[in-house]
>>> print(open('query-v8.cif').read())   # mmCIF, C-alpha atoms
data_target
loop_
_atom_site.label_atom_id
_atom_site.label_comp_id
_atom_site.auth_asym_id
_atom_site.auth_seq_id
_atom_site.Cartn_x
_atom_site.Cartn_y
_atom_site.Cartn_z
CA MET A 1 -31.63 -44.69 8.05
CA SER A 2 -29.36 -46.16 5.39
CA ASN A 3 -25.87 -44.88 4.70
CA ILE A 4 -27.00 -43.67 1.29
CA ALA A 5 -29.87 -41.62 2.80
CA GLN A 6 -27.61 -40.10 5.47
CA THR A 7 -25.01 -39.12 2.87
CA ALA A 8 -27.65 -37.52 0.63
CA ARG A 9 -29.08 -35.58 3.60
CA ARG A 10 -25.64 -34.22 4.55
CA LEU A 11 -24.99 -33.09 0.97
CA PHE A 12 -28.38 -31.38 0.74
CA ARG A 13 -27.83 -29.58 4.06
CA SER A 14 -24.35 -28.33 3.08
CA GLN A 15 -25.65 -26.98 -0.22
CA ASN A 16 -28.50 -25.11 1.49
CA LEU A 17 -26.17 -23.57 4.09
CA SER A 18 -23.80 -22.34 1.40
CA ALA A 19 -26.69 -20.59 -0.30
CA PHE A 20 -27.25 -18.43 2.80
CA ARG A 21 -23.61 -17.57 3.49
CA PRO A 22 -22.94 -13.82 3.27
CA TYR A 23 -21.17 -12.84 0.08
CA SER A 24 -17.77 -11.30 0.60
CA PRO A 25 -16.52 -9.29 -2.40
CA VAL A 26 -13.04 -8.82 -0.99
CA VAL A 27 -11.39 -11.66 -2.86
CA PRO A 28 -13.06 -11.03 -6.26
CA ILE A 29 -12.28 -7.29 -6.09
CA ALA A 30 -8.70 -7.99 -5.04
CA ARG A 31 -8.33 -10.33 -7.99
CA LEU A 32 -9.69 -7.68 -10.34
CA HIS A 33 -7.12 -5.19 -9.11
CA GLN A 34 -4.36 -7.75 -9.58
CA GLN A 35 -5.54 -8.51 -13.10
CA GLY A 36 -5.56 -4.84 -14.10
CA PRO A 37 -8.23 -2.15 -14.58
CA THR A 38 -11.75 -3.23 -15.41
CA ARG A 39 -13.42 -2.08 -18.60
CA SER A 40 -15.44 0.55 -16.72
CA ALA A 41 -12.28 1.97 -15.21
CA VAL A 42 -10.65 2.15 -18.64
CA VAL A 43 -13.67 3.98 -20.08
CA HIS A 44 -13.67 6.37 -17.11
CA ASP A 45 -9.97 7.14 -17.54
CA GLN A 46 -10.44 7.74 -21.26
CA ALA A 47 -13.29 10.15 -20.55
CA LEU A 48 -11.22 12.24 -18.13
CA PRO A 49 -9.00 15.03 -19.49
CA SER A 50 -5.30 14.34 -19.53
CA GLN A 51 -3.28 15.39 -16.50
CA THR A 52 -1.83 18.30 -18.47
CA GLU A 53 -5.05 19.44 -20.13
CA THR A 54 -6.59 22.68 -18.88
CA PRO A 55 -10.38 23.01 -18.49
CA ALA A 56 -12.34 24.36 -21.38
CA PHE A 57 -12.72 27.96 -20.28
CA ILE A 58 -13.32 30.00 -23.41
CA SER A 59 -12.96 33.70 -24.08
CA GLN A 60 -15.34 33.98 -27.02
CA THR A 61 -19.12 34.02 -27.01
CA GLN A 62 -20.70 31.05 -28.74
CA SER A 63 -22.81 31.78 -31.81
CA GLN A 64 -23.74 30.14 -35.08
CA SER A 65 -22.65 33.31 -36.89
CA PRO A 66 -18.96 33.57 -37.85
CA HIS A 67 -19.14 37.33 -37.16
CA HIS A 68 -19.11 36.51 -33.45
CA GLU A 69 -15.74 34.77 -33.54
CA SER A 70 -13.99 38.04 -32.60
CA THR A 71 -16.52 38.91 -29.89
CA THR A 72 -14.86 38.20 -26.58
CA LEU A 73 -16.52 38.11 -23.21
CA ASP A 74 -13.30 39.39 -21.67
CA THR A 75 -13.61 42.55 -23.76
CA ILE A 76 -17.15 43.06 -22.48
CA VAL A 77 -15.96 42.54 -18.90
CA SER A 78 -13.42 45.32 -19.38
CA GLN A 79 -16.24 47.70 -20.38
CA ILE A 80 -18.25 47.18 -17.18
CA PRO A 81 -18.07 50.45 -15.20
CA LEU A 82 -17.64 48.55 -11.93
CA VAL A 83 -14.67 46.65 -13.34
CA GLN A 84 -13.08 49.84 -14.59
CA THR A 85 -13.45 51.39 -11.13
CA LEU A 86 -11.98 48.32 -9.42
CA ARG A 87 -8.99 48.32 -11.74
CA GLU A 88 -8.39 52.00 -11.08
CA THR A 89 -8.35 51.32 -7.32
CA HIS A 90 -5.86 48.46 -7.61
CA SER A 91 -4.19 49.59 -4.38
CA THR A 92 -7.34 48.60 -2.51
CA TYR A 93 -8.67 45.71 -4.60
CA LYS A 94 -6.39 43.01 -5.94
CA GLU A 95 -7.58 41.46 -9.21
CA THR A 96 -7.29 37.66 -9.36
CA ARG A 97 -8.41 34.72 -11.47
CA PRO A 98 -8.06 32.09 -8.71
CA HIS A 99 -9.27 29.16 -10.82
CA LEU A 100 -6.54 29.77 -13.39
CA ALA A 101 -3.98 29.65 -10.56
CA ILE A 102 -5.02 26.12 -9.60
CA PRO A 103 -2.53 23.58 -11.05
CA PRO A 104 -4.09 21.84 -14.07
CA PRO A 105 -3.98 18.32 -12.53
CA ILE A 106 -6.10 19.64 -9.64
CA ARG A 107 -8.18 22.09 -11.67
CA GLN A 108 -9.59 19.43 -13.98
CA HIS A 109 -11.26 17.80 -10.97
CA HIS A 110 -12.36 21.08 -9.40
CA PHE A 111 -16.13 21.54 -9.54
CA VAL A 112 -16.20 25.19 -10.64
CA GLY A 113 -12.77 25.36 -12.27
CA GLY A 114 -13.22 22.11 -14.20
CA SER A 115 -16.64 20.44 -14.27
CA LEU A 116 -18.68 23.62 -14.71
CA SER A 117 -16.33 25.35 -17.15
CA GLY A 118 -16.75 25.45 -20.89
CA PRO A 119 -19.03 26.63 -23.72
CA GLY A 120 -22.63 27.02 -22.57
CA LYS A 121 -21.60 26.84 -18.91
CA LEU A 122 -19.10 29.14 -17.18
CA ALA A 123 -17.51 30.38 -20.37
CA PHE A 124 -14.49 32.00 -18.73
CA ALA A 125 -12.74 31.77 -15.40
CA PRO A 126 -14.53 34.17 -13.03
CA TYR A 127 -12.83 37.46 -12.29
CA MET A 128 -12.45 38.33 -8.62
CA TRP A 129 -11.30 41.47 -6.84
CA LEU A 130 -10.23 40.95 -3.23
CA SER A 131 -9.92 43.62 -0.57
CA ALA A 132 -8.31 42.02 2.48
CA GLY A 133 -9.30 44.81 4.88
CA LYS A 134 -8.42 44.42 8.56
CA SER A 135 -9.84 41.22 10.02
CA GLY A 136 -10.56 41.80 13.69
CA SER A 137 -12.84 40.07 16.15
CA GLN A 138 -15.66 42.34 15.02
CA ALA A 139 -15.54 43.36 11.36
CA GLU A 140 -18.33 45.90 11.61
CA SER A 141 -17.27 48.41 8.97
CA ASN A 142 -16.41 48.12 5.31
CA ASP A 143 -12.86 49.27 6.14
CA GLN A 144 -12.35 46.35 8.52
CA ALA A 145 -14.10 43.60 6.59
CA SER A 146 -12.51 41.65 3.76
CA SER A 147 -14.61 41.76 0.62
CA VAL A 148 -14.71 40.22 -2.85
CA VAL A 149 -16.39 41.36 -6.05
CA SER A 150 -16.72 38.66 -8.70
CA VAL A 151 -17.81 38.94 -12.34
CA PHE A 152 -18.74 35.88 -14.39
CA HIS A 153 -20.96 34.69 -17.23
CA ILE A 154 -23.56 31.91 -17.00
CA GLY A 155 -24.49 30.10 -20.23
CA GLN A 156 -27.57 28.20 -21.37
CA ASP A 157 -26.45 24.73 -20.32
CA LEU A 158 -26.76 25.33 -16.57
CA CYS A 159 -30.53 25.66 -16.37
CA GLY A 160 -33.05 23.97 -14.11
CA HIS A 161 -36.35 24.92 -15.68
CA PRO A 162 -35.86 25.76 -19.37
CA GLY A 163 -34.84 29.38 -19.65
CA PHE A 164 -33.88 29.77 -15.98
CA VAL A 165 -30.53 29.12 -14.32
CA HIS A 166 -30.56 26.28 -11.79
CA GLY A 167 -30.76 27.61 -8.24
CA GLY A 168 -28.23 25.04 -7.11
CA LEU A 169 -25.66 26.66 -9.39
CA LEU A 170 -26.21 30.04 -7.73
CA THR A 171 -25.65 28.35 -4.36
CA VAL A 172 -22.40 26.83 -5.61
CA LEU A 173 -21.16 30.20 -6.87
CA PHE A 174 -22.02 31.89 -3.57
CA ASP A 175 -20.07 29.18 -1.76
CA GLU A 176 -17.12 29.52 -4.12
CA VAL A 177 -16.77 33.29 -3.80
CA PHE A 178 -17.50 33.21 -0.06
CA ALA A 179 -14.58 30.83 0.39
CA ARG A 180 -12.34 33.26 -1.46
CA CYS A 181 -13.61 36.13 0.68
CA VAL A 182 -13.00 34.48 4.06
CA SER A 183 -9.58 33.20 3.00
CA ALA A 184 -8.16 36.54 4.08
CA ALA A 185 -9.58 36.03 7.59
CA PHE A 186 -7.70 32.81 8.38
CA PRO A 187 -3.94 32.35 8.85
CA SER A 188 -3.99 29.25 6.65
CA GLY A 189 -6.11 30.94 3.98
CA LEU A 190 -8.50 27.97 4.13
CA GLY A 191 -12.08 27.86 5.30
CA MET A 192 -14.76 25.18 5.00
CA THR A 193 -18.50 25.81 4.81
CA ALA A 194 -20.34 25.13 8.06
CA ASN A 195 -23.64 26.72 7.10
CA LEU A 196 -24.95 28.43 3.96
CA ASN A 197 -28.37 30.07 3.54
CA VAL A 198 -29.56 31.42 0.19
CA ASP A 199 -32.65 33.55 -0.38
CA PHE A 200 -33.72 33.49 -4.02
CA ARG A 201 -35.29 36.83 -4.95
CA LYS A 202 -35.84 36.67 -8.71
CA PRO A 203 -35.34 34.01 -11.41
CA ALA A 204 -31.81 34.00 -12.81
CA LEU A 205 -31.52 34.11 -16.61
CA PRO A 206 -28.84 32.43 -18.74
CA ASP A 207 -26.55 34.20 -21.22
CA ARG A 208 -26.03 37.10 -18.83
CA MET A 209 -23.11 38.70 -17.05
CA TYR A 210 -23.35 38.42 -13.27
CA VAL A 211 -21.86 40.45 -10.44
CA LEU A 212 -21.47 38.88 -7.01
CA ARG A 213 -20.56 41.16 -4.10
CA THR A 214 -19.48 39.58 -0.80
CA LYS A 215 -17.99 40.75 2.48
CA THR A 216 -16.85 39.16 5.72
CA THR A 217 -19.02 40.59 8.49
CA LYS A 218 -17.45 39.01 11.59
CA VAL A 219 -14.44 36.93 12.57
CA GLU A 220 -14.04 35.03 15.84
CA GLY A 221 -11.04 32.74 16.04
CA ARG A 222 -11.51 29.96 13.51
CA LYS A 223 -15.00 31.20 12.56
CA ALA A 224 -15.90 33.78 9.93
CA TRP A 225 -19.31 35.01 8.84
CA VAL A 226 -19.84 36.28 5.30
CA GLU A 227 -22.76 37.62 3.26
CA GLY A 228 -23.37 38.68 -0.31
CA GLN A 229 -25.76 39.37 -3.15
CA MET A 230 -25.84 38.37 -6.81
CA THR A 231 -27.10 40.54 -9.69
CA TYR A 232 -27.27 40.01 -13.42
CA LEU A 233 -26.62 42.91 -15.78
CA PRO A 234 -29.18 44.02 -18.40
CA LEU A 235 -26.95 43.08 -21.34
CA THR A 236 -28.20 39.97 -23.16
CA LEU A 237 -25.61 37.77 -24.88
CA PRO A 238 -24.61 36.92 -27.53
CA LEU A 239 -24.44 40.41 -28.96
CA SER A 240 -25.87 41.47 -32.28
CA VAL A 241 -23.85 40.71 -35.41
CA ASP A 242 -22.67 44.27 -35.96
CA SER A 243 -21.67 44.99 -32.36
CA HIS A 244 -18.06 43.71 -32.61
CA SER A 245 -17.97 43.27 -28.82
CA ILE A 246 -18.40 47.02 -28.20
CA VAL A 247 -21.40 47.81 -26.02
CA SER A 248 -22.72 51.18 -27.11
CA ASP A 249 -25.03 51.68 -24.12
CA ALA A 250 -23.03 51.64 -20.88
CA ASN A 251 -26.27 51.35 -18.89
CA LEU A 252 -26.51 47.73 -20.06
CA LEU A 253 -23.42 47.02 -17.97
CA ARG A 254 -24.45 48.75 -14.75
CA GLU A 255 -25.84 47.06 -11.64
CA ASP A 256 -28.00 50.05 -10.74
CA SER A 257 -29.60 50.54 -14.14
CA GLU A 258 -33.05 49.52 -15.25
CA GLY A 259 -33.02 45.89 -16.32
CA ALA A 260 -30.42 44.76 -13.79
CA VAL A 261 -31.91 42.18 -11.42
CA MET A 262 -30.71 41.12 -7.99
CA VAL A 263 -31.48 37.39 -8.10
CA ALA A 264 -30.29 36.13 -4.71
CA GLU A 265 -28.81 36.99 -1.33
CA ALA A 266 -26.88 34.64 0.93
CA LYS A 267 -25.17 34.34 4.30
CA ALA A 268 -22.69 31.72 5.44
CA LEU A 269 -20.48 30.58 8.28
CA PHE A 270 -17.01 29.28 7.45
CA ILE A 271 -14.63 27.52 9.81
CA GLU A 272 -10.89 27.13 9.46
CA PRO A 273 -10.31 23.37 9.86
CA LYS A 274 -7.88 22.12 12.47
CA PHE A 275 -6.28 19.99 9.76
CA ALA A 276 -5.74 22.97 7.43
CA ASP A 277 -1.99 22.33 7.34
CA SER A 278 -2.63 19.00 5.63
CA MET A 279 -4.92 20.48 2.94
CA VAL A 280 -3.92 21.73 -0.49
CA SER A 281 -4.34 25.51 -0.57
CA ILE A 282 -5.91 26.77 -3.79
CA TYR A 283 -6.65 30.30 -2.58
CA SER A 284 -3.10 31.32 -1.78
CA ASN A 285 -3.02 34.26 -4.19
#
>>> encode(input="query-v8.cif", output="structure tokens")
Amino acid sequence: MSNIAQTARRLFRSQNLSAFRPYSPVVPIARLHQQGPTRSAVVHDQALPSQTETPAFISQTQSQSPHHESTTLDTIVSQIPLVQTLRETHSTYKETRPHLAIPPPIRQHHFVGGSLSGPGKLAFAPYMWLSAGKSGSQAESNDQASSVVSVFHIGQDLCGHPGFVHGGLLTVLFDEVFARCVSAAFPSGLGMTANLNVDFRKPALPDRMYVLRTKTTKVEGRKAWVEGQMTYLPLTLPLSVDSHSIVSDANLLREDSEGAVMVAEAKALFIEPKFADSMVSIYSN
């Protein structure tokens, strides 16, 4: 074989081998980081709220009519008989708005406190009433078990099927309030979901006020079991133009009245992580 043919064969072989070499992105990515943020990173940063911006929780119902500008969901919450009772028994139940207590730089990236908040979604930061109880190895009575009652509003932009709230959202809200409930059972105040089972009983409707009742049923060391049920109230929002946020029929704000629907029940197991000391506590109050 001539020298020319041998040279050509070596060149052809080297080119073919290079075509099958595994691609390593380490160097190109490193160079991109050295050169500065890519365009996609810039767009992503511009889309995120500023580090000092609070999530878009709103206190007013959304309506095309200007008469609804003074209609506040917080005012309606204060008219709910259950809420009035809980506020009267403040020595037993402590009222909190835990998502508003999360520092804004963390809250904007929080799923419930940030991503799911705003007009048409969770219009205001959920209210929660916590009764710490006495957490023993067997929390068999209501006096011993910690419990939480939460009140919140679900808007039209969190649906699965049109006209029905997405079941995954109900699961998220169970998980969120459960975590708050079991926080009283652990020294660190932190628990992570190990298992969560939800039984959907009835379709959940948007533009309704919801009540979620939870209680810790058993505590064993770093484990805590919790259960709860979620009900929407008969009142349909937004209110009529001439209502001015005053609900004339108190039965529309009662869990036990006709028209109230228990949409789901759930049970969960939470575990206090061994690395709890290294985690940021957002349920400290």
>>> closest_residue(input="query-v8.cif", among="A:Ile246, A:Leu86, A:Ile106, A:Ala204", to="A:His161", atoms="only C-alpha atoms")
A:Ala204
>>> resolve_selection(input="query-v8.cif", expression="the PyMOL selection byres ((chain A and resi 185-200) around 6)", output="NGL selection string")
:A and (135 or 182-184 or 201 or 264-272)
>>> closest_residue(input="query-v8.cif", among="A:His109, A:Ile80, A:Arg97, A:Thr72", to="A:Ala250", atoms="all atoms listed in the file")
A:Ile80
>>> resolve_selection(input="query-v8.cif", expression="the PyMOL selection byres ((chain A and resi 211-219) around 8)", output="VMD selection string")
chain A and resid 135 to 140 145 to 152 174 177 to 178 181 to 182 185 209 to 210 220 to 233 255
>>> atom_distance(input="query-v8.cif", atom1="atom CA of A:Asn251", atom2="atom CA of A:Leu122")
23.4 Å
>>> atom_distance(input="query-v8.cif", atom1="atom CA of A:Lys121", atom2="atom CA of A:Pro98")
17.7 Å
>>> atom_distance(input="query-v8.cif", atom1="atom CA of A:Arg254", atom2="atom CA of A:His99")
25.1 Å
>>> residues_around(input="query-v8.cif", residues="A:Leu237", least_positions_apart="6", cutoff="9 Å", atoms="all atoms listed in the file", output="list in words")
Thr61, Pro206, Asp207, Arg208 and Met209 of chain A
>>> write_last_selection(input="query-v8.cif", atoms="C-alpha atoms", output="JSON list (two decimals), in the frame of the given file")
[["chain", "number", "residue", "atom", "x", "y", "z"],
["A", 61, "THR", "CA", -19.12, 34.02, -27.01],
["A", 206, "PRO", "CA", -28.84, 32.43, -18.74],
["A", 207, "ASP", "CA", -26.55, 34.20, -21.22],
["A", 208, "ARG", "CA", -26.03, 37.10, -18.83],
["A", 209, "MET", "CA", -23.11, 38.70, -17.05]]
>>> resolve_selection(input="query-v8.cif", expression="the PyMOL selection byres ((chain A and resi 169) around 10)", output="mmCIF file with C-alpha atoms, in the coordinates of the input")
data_model
loop_
_atom_site.group_PDB
_atom_site.id
_atom_site.type_symbol
_atom_site.label_atom_id
_atom_site.label_comp_id
_atom_site.auth_asym_id
_atom_site.auth_seq_id
_atom_site.Cartn_x
_atom_site.Cartn_y
_atom_site.Cartn_z
ATOM 1 C CA VAL A 112 -16.200 25.190 -10.640
ATOM 2 C CA LEU A 116 -18.680 23.620 -14.710
ATOM 3 C CA ILE A 154 -23.560 31.910 -17.000
ATOM 4 C CA LEU A 158 -26.760 25.330 -16.570
ATOM 5 C CA CYS A 159 -30.530 25.660 -16.370
ATOM 6 C CA GLY A 160 -33.050 23.970 -14.110
ATOM 7 C CA VAL A 165 -30.530 29.120 -14.320
ATOM 8 C CA HIS A 166 -30.560 26.280 -11.790
ATOM 9 C CA GLY A 167 -30.760 27.610 -8.240
ATOM 10 C CA GLY A 168 -28.230 25.040 -7.110
ATOM 11 C CA LEU A 170 -26.210 30.040 -7.730
ATOM 12 C CA THR A 171 -25.650 28.350 -4.360
ATOM 13 C CA VAL A 172 -22.400 26.830 -5.610
ATOM 14 C CA LEU A 173 -21.160 30.200 -6.870
ATOM 15 C CA PHE A 174 -22.020 31.890 -3.570
ATOM 16 C CA ASP A 175 -20.070 29.180 -1.760
#
>>> closest_residue(input="query-v8.cif", among="A:Glu95, A:Glu88, A:Asp74, A:Glu176", to="A:His110", atoms="only C-alpha atoms")
A:Glu176
